[in-house]
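Pasted below: protein-v3.pdb, PDB, C-alpha atoms.
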ATOM      1  CA  MET A   1      35.503  55.618   3.618
ATOM      2  CA  GLN A   2      32.810  58.295   3.438
ATOM      3  CA  ILE A   3      29.150  57.835   4.241
ATOM      4  CA  ASP A   4      26.829  60.625   3.139
ATOM      5  CA  ALA A   5      23.253  61.633   2.499
ATOM      6  CA  SER A   6      21.818  64.658   0.666
ATOM      7  CA  LYS A   7      18.496  66.438   0.362
ATOM      8  CA  THR A   8      17.279  69.454  -1.586
ATOM      9  CA  LEU A   9      15.698  72.053   0.701
ATOM     10  CA  ALA A  10      13.506  75.037  -0.181
ATOM     11  CA  ALA A  11      15.615  77.462   1.858
ATOM     12  CA  SER A  12      18.584  79.709   1.148
ATOM     13  CA  PRO A  13      22.091  78.465   1.968
ATOM     14  CA  ALA A  14      22.305  81.137   4.704
ATOM     15  CA  THR A  15      19.133  79.832   6.367
ATOM     16  CA  VAL A  16      20.291  76.201   6.163
ATOM     17  CA  PHE A  17      23.754  77.088   7.466
ATOM     18  CA  SER A  18      22.242  79.005  10.368
ATOM     19  CA  LEU A  19      20.206  75.946  11.360
ATOM     20  CA  VAL A  20      22.892  73.266  11.025
ATOM     21  CA  SER A  21      25.678  75.334  12.603
ATOM     22  CA  ASN A  22      23.586  76.252  15.655
ATOM     23  CA  ALA A  23      24.718  73.092  17.413
ATOM     24  CA  VAL A  24      23.519  74.092  20.895
ATOM     25  CA  GLU A  25      19.963  74.026  19.497
ATOM     26  CA  TRP A  26      20.287  70.535  17.979
ATOM     27  CA  PRO A  27      18.414  68.881  20.884
ATOM     28  CA  LEU A  28      15.347  70.907  19.800
ATOM     29  CA  VAL A  29      15.740  69.819  16.162
ATOM     30  CA  LEU A  30      17.376  66.377  15.975
ATOM     31  CA  ARG A  31      15.676  63.321  17.484
ATOM     32  CA  THR A  32      19.018  61.619  18.130
ATOM     33  CA  VAL A  33      20.578  64.464  20.150
ATOM     34  CA  GLN A  34      19.823  64.782  23.868
ATOM     35  CA  SER A  35      22.173  67.664  24.698
ATOM     36  CA  VAL A  36      24.952  69.857  23.318
ATOM     37  CA  GLU A  37      27.252  72.010  25.410
ATOM     38  CA  LEU A  38      29.663  74.595  24.053
ATOM     39  CA  LEU A  39      32.953  73.999  25.911
ATOM     40  CA  THR A  40      34.717  77.144  24.702
ATOM     41  CA  GLU A  41      33.827  80.772  25.266
ATOM     42  CA  GLY A  42      32.601  83.094  22.569
ATOM     43  CA  ASP A  43      30.762  82.530  19.320
ATOM     44  CA  LEU A  44      30.878  79.185  17.579
ATOM     45  CA  GLY A  45      33.652  79.055  14.978
ATOM     46  CA  VAL A  46      36.887  77.310  14.052
ATOM     47  CA  GLY A  47      38.508  75.992  17.233
ATOM     48  CA  SER A  48      35.253  75.847  19.228
ATOM     49  CA  ARG A  49      34.735  72.629  21.173
ATOM     50  CA  LEU A  50      31.415  70.894  21.778
ATOM     51  CA  ARG A  51      30.221  68.071  24.035
ATOM     52  CA  GLU A  52      27.264  66.262  22.532
ATOM     53  CA  ARG A  53      25.148  63.475  23.996
ATOM     54  CA  ARG A  54      23.354  61.533  21.274
ATOM     55  CA  LEU A  55      22.302  58.151  20.051
ATOM     56  CA  LEU A  56      24.978  56.855  17.709
ATOM     57  CA  LEU A  57      24.580  53.406  16.212
ATOM     58  CA  GLY A  58      21.819  52.748  18.732
ATOM     59  CA  THR A  59      24.010  53.570  21.740
ATOM     60  CA  ASP A  60      23.819  56.579  24.064
ATOM     61  CA  THR A  61      27.155  58.266  23.329
ATOM     62  CA  VAL A  62      28.987  61.360  24.549
ATOM     63  CA  LEU A  63      31.168  62.942  21.869
ATOM     64  CA  GLU A  64      33.587  65.821  22.177
ATOM     65  CA  SER A  65      34.246  67.540  18.877
ATOM     66  CA  GLU A  66      36.128  70.520  17.530
ATOM     67  CA  VAL A  67      34.937  72.821  14.769
ATOM     68  CA  ILE A  68      37.591  72.554  12.046
ATOM     69  CA  GLU A  69      35.777  74.471   9.319
ATOM     70  CA  PHE A  70      33.167  77.219   9.552
ATOM     71  CA  THR A  71      32.649  78.749   6.114
ATOM     72  CA  ARG A  72      29.389  80.685   6.131
ATOM     73  CA  PRO A  73      27.035  79.757   4.375
ATOM     74  CA  HIS A  74      28.518  76.639   2.783
ATOM     75  CA  ARG A  75      30.338  74.384   5.219
ATOM     76  CA  PHE A  76      30.336  73.416   8.882
ATOM     77  CA  ARG A  77      32.745  70.637   9.796
ATOM     78  CA  LEU A  78      33.489  68.875  13.077
ATOM     79  CA  PHE A  79      36.293  66.518  14.080
ATOM     80  CA  VAL A  80      35.792  63.915  16.817
ATOM     81  CA  GLU A  81      38.688  61.929  18.263
ATOM     82  CA  TYR A  82      38.547  59.271  20.967
ATOM     83  CA  SER A  83      41.094  56.623  21.794
ATOM     84  CA  ASP A  84      42.659  55.536  18.477
ATOM     85  CA  ARG A  85      39.470  56.228  16.474
ATOM     86  CA  TYR A  86      38.236  59.424  14.914
ATOM     87  CA  PHE A  87      35.650  60.715  12.540
ATOM     88  CA  ASP A  88      34.945  63.824  10.586
ATOM     89  CA  ARG A  89      31.345  65.142  10.407
ATOM     90  CA  ASP A  90      30.717  67.451   7.489
ATOM     91  CA  PHE A  91      27.698  69.656   6.746
ATOM     92  CA  ILE A  92      27.926  70.919   3.157
ATOM     93  CA  ILE A  93      25.406  73.404   1.735
ATOM     94  CA  ASP A  94      25.268  74.059  -1.995
ATOM     95  CA  ALA A  95      23.199  76.864  -3.526
ATOM     96  CA  LEU A  96      20.558  75.795  -6.066
ATOM     97  CA  ASP A  97      18.068  77.806  -8.099
ATOM     98  CA  SER A  98      15.285  76.285  -5.994
ATOM     99  CA  GLY A  99      17.013  76.644  -2.600
ATOM    100  CA  SER A 100      19.869  74.516  -1.268
ATOM    101  CA  ARG A 101      21.232  71.006  -1.203
ATOM    102  CA  LEU A 102      22.312  69.845   2.254
ATOM    103  CA  THR A 103      24.821  67.010   2.350
ATOM    104  CA  LEU A 104      25.790  65.382   5.630
ATOM    105  CA  ALA A 105      28.930  63.251   5.507
ATOM    106  CA  ILE A 106      30.822  61.136   8.023
ATOM    107  CA  ARG A 107      34.362  59.909   7.445
ATOM    108  CA  PRO A 108      35.384  57.359  10.117
ATOM    109  CA  GLY A 109      38.983  56.315  10.643
ATOM    110  CA  SER A 110      41.474  54.818  13.065
ATOM    111  CA  ARG A 111      45.122  55.488  13.797
ATOM    112  CA  ALA A 112      45.823  51.916  14.955
ATOM    113  CA  SER A 113      46.221  49.012  12.541
ATOM    114  CA  THR A 114      43.791  46.870  14.570
ATOM    115  CA  GLY A 115      41.227  49.679  14.470
ATOM    116  CA  ARG A 116      41.627  50.065  10.703
ATOM    117  CA  ALA A 117      41.164  46.307  10.227
ATOM    118  CA  LEU A 118      38.053  46.367  12.413
ATOM    119  CA  LEU A 119      36.740  49.376  10.497
ATOM    120  CA  ASP A 120      37.234  47.494   7.228
ATOM    121  CA  MET A 121      35.336  44.478   8.592
ATOM    122  CA  LEU A 122      32.488  46.622   9.926
ATOM    123  CA  SER A 123      32.316  48.842   6.848
ATOM    124  CA  PRO A 124      29.126  47.294   5.334
ATOM    125  CA  PHE A 125      27.330  47.542   8.702
ATOM    126  CA  LEU A 126      28.523  51.123   9.241
ATOM    127  CA  GLN A 127      27.475  52.138   5.724
ATOM    128  CA  VAL A 128      23.874  51.076   6.399
ATOM    129  CA  ARG A 129      23.546  52.250  10.014
ATOM    130  CA  LEU A 130      25.262  55.610   9.595
ATOM    131  CA  SER A 131      23.455  56.279   6.314
ATOM    132  CA  ASP A 132      20.150  55.721   8.126
ATOM    133  CA  GLU A 133      21.212  58.110  10.899
ATOM    134  CA  LEU A 134      22.282  60.771   8.396
ATOM    135  CA  ASP A 135      18.949  60.419   6.569
ATOM    136  CA  MET A 136      17.115  60.904   9.883
ATOM    137  CA  ASP A 137      19.149  64.028  10.725
ATOM    138  CA  ILE A 138      18.493  65.513   7.274
ATOM    139  CA  ALA A 139      14.768  64.790   7.634
ATOM    140  CA  ASP A 140      14.814  66.550  11.027
ATOM    141  CA  PHE A 141      16.626  69.582   9.623
ATOM    142  CA  ALA A 142      14.150  69.718   6.708
ATOM    143  CA  ALA A 143      11.180  69.541   9.100
ATOM    144  CA  ALA A 144      12.638  72.375  11.209
ATOM    145  CA  LEU A 145      12.993  74.543   8.092
ATOM    146  CA  ARG A 146       9.349  73.917   7.156
ATOM    147  CA  ALA A 147       8.098  74.786  10.657
TER     148      ALA A 147
END
What's the structure tokens form of this structure?
Amino acid sequence: MQIDASKTLAASPATVFSLVSNAVEWPLVLRTVQSVELLTEGDLGVGSRLRERRLLLGTDTVLESEVIEFTRPHRFRLFVEYSDRYFDRDFIIDALDSGSRLTLAIRPGSRASTGRALLDMLSPFLQVRLSDELDMDIADFAAALRA
């Protein structure tokens, strides 16, 4: 299952990538993020780990993620794993004549059969709730680019 949302932005792919991949600044940009801490030394890139405190599905949640793709200026991708569940968060930036298209995607999954069954049952709920959260994040990124 993939849940995604897209928006056309009047900014270059490099500018959009710079904003979305600067995760430690997300608390200043995204309403749902309270804090982000870089857990690894050095510049953010593939293999970097982050600890993020945010509202997820209406619940205050702490997520630890790893950057699994960092392709400037087109893709920033994080992988989050906890217990038997995981999800992939993808930030995809496509160049357009008028600027860029930003797509945010989440791909939830579970390694356990009970988790997969629960995910299947909750799929309609997750589609709506996560789509709303992605739309809010895109709106926040768009507002930051206009500021």
For this session: Would you translate the PyMOL selection byres ((chain A and resi 50-57) around 8) into the concrete set of residues it matches in this file, as a list in words?
Result: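 Checking the PyMOL selection byres ((chain A and resi 50-57) around 8) against this file, the residues are Thr32, Val33, Gln34, Ser35, Val36, Glu37, Leu38, Leu39, Thr40, Ser48, Arg49, Gly58, Thr59, Asp60, Thr61, Val62, Leu63, Glu64, Ser65, Glu66, Arg129, Leu130 and Glu133 of chain A.
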For this session: Evaluate the PyMOL selection byres ((chain A and resi 73-86) around 10) on the structure here and hand back the selected residues as a ChimeraX atom specification.
Result: /A:12-18,20-22,45-50,63-72,87-95,100,102-116,119
Residue selection dump (C-alpha atoms) as a PDB file, in the frame of the given file:
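After the write, part_10.pdb holds the following:
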ATOM      1  CA  SER A  12      18.584  79.709   1.148  1.00  0.00           C
ATOM      2  CA  PRO A  13      22.091  78.465   1.968  1.00  0.00           C
ATOM      3  CA  ALA A  14      22.305  81.137   4.704  1.00  0.00           C
ATOM      4  CA  THR A  15      19.133  79.832   6.367  1.00  0.00           C
ATOM      5  CA  VAL A  16      20.291  76.201   6.163  1.00  0.00           C
ATOM      6  CA  PHE A  17      23.754  77.088   7.466  1.00  0.00           C
ATOM      7  CA  SER A  18      22.242  79.005  10.368  1.00  0.00           C
ATOM      8  CA  VAL A  20      22.892  73.266  11.025  1.00  0.00           C
ATOM      9  CA  SER A  21      25.678  75.334  12.603  1.00  0.00           C
ATOM     10  CA  ASN A  22      23.586  76.252  15.655  1.00  0.00           C
ATOM     11  CA  GLY A  45      33.652  79.055  14.978  1.00  0.00           C
ATOM     12  CA  VAL A  46      36.887  77.310  14.052  1.00  0.00           C
ATOM     13  CA  GLY A  47      38.508  75.992  17.233  1.00  0.00           C
ATOM     14  CA  SER A  48      35.253  75.847  19.228  1.00  0.00           C
ATOM     15  CA  ARG A  49      34.735  72.629  21.173  1.00  0.00           C
ATOM     16  CA  LEU A  50      31.415  70.894  21.778  1.00  0.00           C
ATOM     17  CA  LEU A  63      31.168  62.942  21.869  1.00  0.00           C
ATOM     18  CA  GLU A  64      33.587  65.821  22.177  1.00  0.00           C
ATOM     19  CA  SER A  65      34.246  67.540  18.877  1.00  0.00           C
ATOM     20  CA  GLU A  66      36.128  70.520  17.530  1.00  0.00           C
ATOM     21  CA  VAL A  67      34.937  72.821  14.769  1.00  0.00           C
ATOM     22  CA  ILE A  68      37.591  72.554  12.046  1.00  0.00           C
ATOM     23  CA  GLU A  69      35.777  74.471   9.319  1.00  0.00           C
ATOM     24  CA  PHE A  70      33.167  77.219   9.552  1.00  0.00           C
ATOM     25  CA  THR A  71      32.649  78.749   6.114  1.00  0.00           C
ATOM     26  CA  ARG A  72      29.389  80.685   6.131  1.00  0.00           C
ATOM     27  CA  PHE A  87      35.650  60.715  12.540  1.00  0.00           C
ATOM     28  CA  ASP A  88      34.945  63.824  10.586  1.00  0.00           C
ATOM     29  CA  ARG A  89      31.345  65.142  10.407  1.00  0.00           C
ATOM     30  CA  ASP A  90      30.717  67.451   7.489  1.00  0.00           C
ATOM     31  CA  PHE A  91      27.698  69.656   6.746  1.00  0.00           C
ATOM     32  CA  ILE A  92      27.926  70.919   3.157  1.00  0.00           C
ATOM     33  CA  ILE A  93      25.406  73.404   1.735  1.00  0.00           C
ATOM     34  CA  ASP A  94      25.268  74.059  -1.995  1.00  0.00           C
ATOM     35  CA  ALA A  95      23.199  76.864  -3.526  1.00  0.00           C
ATOM     36  CA  SER A 100      19.869  74.516  -1.268  1.00  0.00           C
ATOM     37  CA  LEU A 102      22.312  69.845   2.254  1.00  0.00           C
ATOM     38  CA  THR A 103      24.821  67.010   2.350  1.00  0.00           C
ATOM     39  CA  LEU A 104      25.790  65.382   5.630  1.00  0.00           C
ATOM     40  CA  ALA A 105      28.930  63.251   5.507  1.00  0.00           C
ATOM     41  CA  ILE A 106      30.822  61.136   8.023  1.00  0.00           C
ATOM     42  CA  ARG A 107      34.362  59.909   7.445  1.00  0.00           C
ATOM     43  CA  PRO A 108      35.384  57.359  10.117  1.00  0.00           C
ATOM     44  CA  GLY A 109      38.983  56.315  10.643  1.00  0.00           C
ATOM     45  CA  SER A 110      41.474  54.818  13.065  1.00  0.00           C
ATOM     46  CA  ARG A 111      45.122  55.488  13.797  1.00  0.00           C
ATOM     47  CA  ALA A 112      45.823  51.916  14.955  1.00  0.00           C
ATOM     48  CA  SER A 113      46.221  49.012  12.541  1.00  0.00           C
ATOM     49  CA  THR A 114      43.791  46.870  14.570  1.00  0.00           C
ATOM     50  CA  GLY A 115      41.227  49.679  14.470  1.00  0.00           C
ATOM     51  CA  ARG A 116      41.627  50.065  10.703  1.00  0.00           C
ATOM     52  CA  LEU A 119      36.740  49.376  10.497  1.00  0.00           C
TER      53      LEU A 119
END
Problem set entry | Residue contacts of Asp137 (chain A) (8 Å, only C-alpha atoms) excluding same-chain residues fewer than 2 positions away, as number ranges by chain | A: 30-32, 133-135, 139-141
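CA of Leu145 (chain A) is positioned 13.4 Å from CA of Glu25 (chain A).
Interatomic distance, CA of Glu41 (chain A) to CA of Trp26 (chain A): 18.5 Å.
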Saving region 67-107 of chain A with N, CA and C atoms, as a PDB file, in the first residue's frame, what would that file be?
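This went into selection-v5.pdb:
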ATOM      1  N   VAL A  67      18.163   7.483   6.744  1.00  0.00           N
ATOM      2  CA  VAL A  67      18.116   7.971   5.374  1.00  0.00           C
ATOM      3  C   VAL A  67      18.586   6.834   4.471  1.00  0.00           C
ATOM      4  N   ILE A  68      17.713   6.397   3.555  1.00  0.00           N
ATOM      5  CA  ILE A  68      18.087   5.292   2.662  1.00  0.00           C
ATOM      6  C   ILE A  68      18.283   5.769   1.226  1.00  0.00           C
ATOM      7  N   GLU A  69      17.894   7.009   0.946  1.00  0.00           N
ATOM      8  CA  GLU A  69      18.180   7.575  -0.367  1.00  0.00           C
ATOM      9  C   GLU A  69      18.296   9.093  -0.226  1.00  0.00           C
ATOM     10  N   PHE A  70      19.315   9.639  -0.849  1.00  0.00           N
ATOM     11  CA  PHE A  70      19.597  11.074  -0.779  1.00  0.00           C
ATOM     12  C   PHE A  70      20.154  11.461  -2.136  1.00  0.00           C
ATOM     13  N   THR A  71      19.264  11.695  -3.090  1.00  0.00           N
ATOM     14  CA  THR A  71      19.645  11.980  -4.469  1.00  0.00           C
ATOM     15  C   THR A  71      19.281  13.415  -4.786  1.00  0.00           C
ATOM     16  N   ARG A  72      20.243  14.304  -4.575  1.00  0.00           N
ATOM     17  CA  ARG A  72      20.037  15.738  -4.786  1.00  0.00           C
ATOM     18  C   ARG A  72      19.808  16.013  -6.262  1.00  0.00           C
ATOM     19  N   PRO A  73      18.846  16.764  -6.703  1.00  0.00           N
ATOM     20  CA  PRO A  73      17.760  17.430  -5.983  1.00  0.00           C
ATOM     21  C   PRO A  73      16.418  16.728  -6.155  1.00  0.00           C
ATOM     22  N   HIS A  74      16.404  15.398  -6.275  1.00  0.00           N
ATOM     23  CA  HIS A  74      15.154  14.743  -6.659  1.00  0.00           C
ATOM     24  C   HIS A  74      14.527  13.794  -5.648  1.00  0.00           C
ATOM     25  N   ARG A  75      15.283  13.288  -4.695  1.00  0.00           N
ATOM     26  CA  ARG A  75      14.681  12.305  -3.803  1.00  0.00           C
ATOM     27  C   ARG A  75      15.385  12.264  -2.451  1.00  0.00           C
ATOM     28  N   PHE A  76      14.542  12.249  -1.414  1.00  0.00           N
ATOM     29  CA  PHE A  76      14.983  12.112  -0.030  1.00  0.00           C
ATOM     30  C   PHE A  76      14.062  11.061   0.581  1.00  0.00           C
ATOM     31  N   ARG A  77      14.644   9.962   1.054  1.00  0.00           N
ATOM     32  CA  ARG A  77      13.816   8.845   1.495  1.00  0.00           C
ATOM     33  C   ARG A  77      14.291   8.329   2.839  1.00  0.00           C
ATOM     34  N   LEU A  78      13.326   8.097   3.736  1.00  0.00           N
ATOM     35  CA  LEU A  78      13.607   7.632   5.088  1.00  0.00           C
ATOM     36  C   LEU A  78      12.940   6.281   5.327  1.00  0.00           C
ATOM     37  N   PHE A  79      13.563   5.463   6.160  1.00  0.00           N
ATOM     38  CA  PHE A  79      12.989   4.177   6.538  1.00  0.00           C
ATOM     39  C   PHE A  79      12.863   4.154   8.047  1.00  0.00           C
ATOM     40  N   VAL A  80      11.670   3.804   8.536  1.00  0.00           N
ATOM     41  CA  VAL A  80      11.392   3.739   9.970  1.00  0.00           C
ATOM     42  C   VAL A  80      10.973   2.311  10.291  1.00  0.00           C
ATOM     43  N   GLU A  81      11.616   1.726  11.306  1.00  0.00           N
ATOM     44  CA  GLU A  81      11.268   0.372  11.719  1.00  0.00           C
ATOM     45  C   GLU A  81      11.093   0.352  13.223  1.00  0.00           C
ATOM     46  N   TYR A  82       9.975  -0.249  13.679  1.00  0.00           N
ATOM     47  CA  TYR A  82       9.755  -0.420  15.108  1.00  0.00           C
ATOM     48  C   TYR A  82       8.920  -1.673  15.301  1.00  0.00           C
ATOM     49  N   SER A  83       9.361  -2.485  16.239  1.00  0.00           N
ATOM     50  CA  SER A  83       8.729  -3.765  16.500  1.00  0.00           C
ATOM     51  C   SER A  83       8.669  -4.552  15.189  1.00  0.00           C
ATOM     52  N   ASP A  84       7.500  -5.059  14.812  1.00  0.00           N
ATOM     53  CA  ASP A  84       7.376  -5.805  13.561  1.00  0.00           C
ATOM     54  C   ASP A  84       6.854  -4.919  12.426  1.00  0.00           C
ATOM     55  N   ARG A  85       6.634  -3.638  12.705  1.00  0.00           N
ATOM     56  CA  ARG A  85       6.092  -2.715  11.701  1.00  0.00           C
ATOM     57  C   ARG A  85       7.197  -1.827  11.154  1.00  0.00           C
ATOM     58  N   TYR A  86       6.936  -1.307   9.972  1.00  0.00           N
ATOM     59  CA  TYR A  86       7.883  -0.390   9.342  1.00  0.00           C
ATOM     60  C   TYR A  86       7.118   0.508   8.381  1.00  0.00           C
ATOM     61  N   PHE A  87       7.750   1.582   8.009  1.00  0.00           N
ATOM     62  CA  PHE A  87       7.239   2.368   6.899  1.00  0.00           C
ATOM     63  C   PHE A  87       8.357   3.150   6.254  1.00  0.00           C
ATOM     64  N   ASP A  88       8.112   3.465   5.026  1.00  0.00           N
ATOM     65  CA  ASP A  88       9.040   4.153   4.151  1.00  0.00           C
ATOM     66  C   ASP A  88       8.421   5.532   3.889  1.00  0.00           C
ATOM     67  N   ARG A  89       9.171   6.596   4.143  1.00  0.00           N
ATOM     68  CA  ARG A  89       8.703   7.964   3.863  1.00  0.00           C
ATOM     69  C   ARG A  89       9.542   8.512   2.725  1.00  0.00           C
ATOM     70  N   ASP A  90       8.872   8.921   1.666  1.00  0.00           N
ATOM     71  CA  ASP A  90       9.543   9.308   0.438  1.00  0.00           C
ATOM     72  C   ASP A  90       9.177  10.746   0.075  1.00  0.00           C
ATOM     73  N   PHE A  91      10.195  11.532  -0.240  1.00  0.00           N
ATOM     74  CA  PHE A  91      10.027  12.913  -0.701  1.00  0.00           C
ATOM     75  C   PHE A  91      10.578  12.937  -2.126  1.00  0.00           C
ATOM     76  N   ILE A  92       9.694  13.083  -3.106  1.00  0.00           N
ATOM     77  CA  ILE A  92      10.092  13.021  -4.511  1.00  0.00           C
ATOM     78  C   ILE A  92       9.864  14.388  -5.143  1.00  0.00           C
ATOM     79  N   ILE A  93      10.879  14.921  -5.810  1.00  0.00           N
ATOM     80  CA  ILE A  93      10.803  16.245  -6.421  1.00  0.00           C
ATOM     81  C   ILE A  93      11.045  16.108  -7.918  1.00  0.00           C
ATOM     82  N   ASP A  94      10.054  16.480  -8.695  1.00  0.00           N
ATOM     83  CA  ASP A  94      10.155  16.438 -10.150  1.00  0.00           C
ATOM     84  C   ASP A  94      10.257  17.860 -10.682  1.00  0.00           C
ATOM     85  N   ALA A  95      11.140  18.064 -11.650  1.00  0.00           N
ATOM     86  CA  ALA A  95      11.286  19.372 -12.295  1.00  0.00           C
ATOM     87  C   ALA A  95      10.135  19.595 -13.269  1.00  0.00           C
ATOM     88  N   LEU A  96       9.574  20.803 -13.239  1.00  0.00           N
ATOM     89  CA  LEU A  96       8.529  21.229 -14.171  1.00  0.00           C
ATOM     90  C   LEU A  96       8.956  22.548 -14.796  1.00  0.00           C
ATOM     91  N   ASP A  97       8.354  22.910 -15.901  1.00  0.00           N
ATOM     92  CA  ASP A  97       8.653  24.205 -16.517  1.00  0.00           C
ATOM     93  C   ASP A  97       8.354  25.358 -15.558  1.00  0.00           C
ATOM     94  N   SER A  98       7.321  25.191 -14.745  1.00  0.00           N
ATOM     95  CA  SER A  98       6.893  26.256 -13.835  1.00  0.00           C
ATOM     96  C   SER A  98       7.479  26.131 -12.432  1.00  0.00           C
ATOM     97  N   GLY A  99       8.361  25.188 -12.194  1.00  0.00           N
ATOM     98  CA  GLY A  99       8.942  24.995 -10.861  1.00  0.00           C
ATOM     99  C   GLY A  99       9.188  23.534 -10.580  1.00  0.00           C
ATOM    100  N   SER A 100       8.451  22.989  -9.607  1.00  0.00           N
ATOM    101  CA  SER A 100       8.644  21.601  -9.173  1.00  0.00           C
ATOM    102  C   SER A 100       7.319  20.995  -8.746  1.00  0.00           C
ATOM    103  N   ARG A 101       7.282  19.677  -8.764  1.00  0.00           N
ATOM    104  CA  ARG A 101       6.168  18.955  -8.147  1.00  0.00           C
ATOM    105  C   ARG A 101       6.763  18.171  -6.989  1.00  0.00           C
ATOM    106  N   LEU A 102       6.237  18.411  -5.791  1.00  0.00           N
ATOM    107  CA  LEU A 102       6.666  17.684  -4.597  1.00  0.00           C
ATOM    108  C   LEU A 102       5.634  16.606  -4.301  1.00  0.00           C
ATOM    109  N   THR A 103       6.090  15.375  -4.217  1.00  0.00           N
ATOM    110  CA  THR A 103       5.236  14.260  -3.838  1.00  0.00           C
ATOM    111  C   THR A 103       5.769  13.687  -2.536  1.00  0.00           C
ATOM    112  N   LEU A 104       4.898  13.561  -1.558  1.00  0.00           N
ATOM    113  CA  LEU A 104       5.231  12.894  -0.305  1.00  0.00           C
ATOM    114  C   LEU A 104       4.495  11.565  -0.303  1.00  0.00           C
ATOM    115  N   ALA A 105       5.196  10.490  -0.016  1.00  0.00           N
ATOM    116  CA  ALA A 105       4.591   9.163  -0.019  1.00  0.00           C
ATOM    117  C   ALA A 105       4.980   8.403   1.240  1.00  0.00           C
ATOM    118  N   ILE A 106       4.047   7.615   1.735  1.00  0.00           N
ATOM    119  CA  ILE A 106       4.292   6.719   2.865  1.00  0.00           C
ATOM    120  C   ILE A 106       3.869   5.320   2.437  1.00  0.00           C
ATOM    121  N   ARG A 107       4.734   4.354   2.717  1.00  0.00           N
ATOM    122  CA  ARG A 107       4.449   2.958   2.411  1.00  0.00           C
ATOM    123  C   ARG A 107       4.566   2.154   3.707  1.00  0.00           C
TER     124      ARG A 107
END
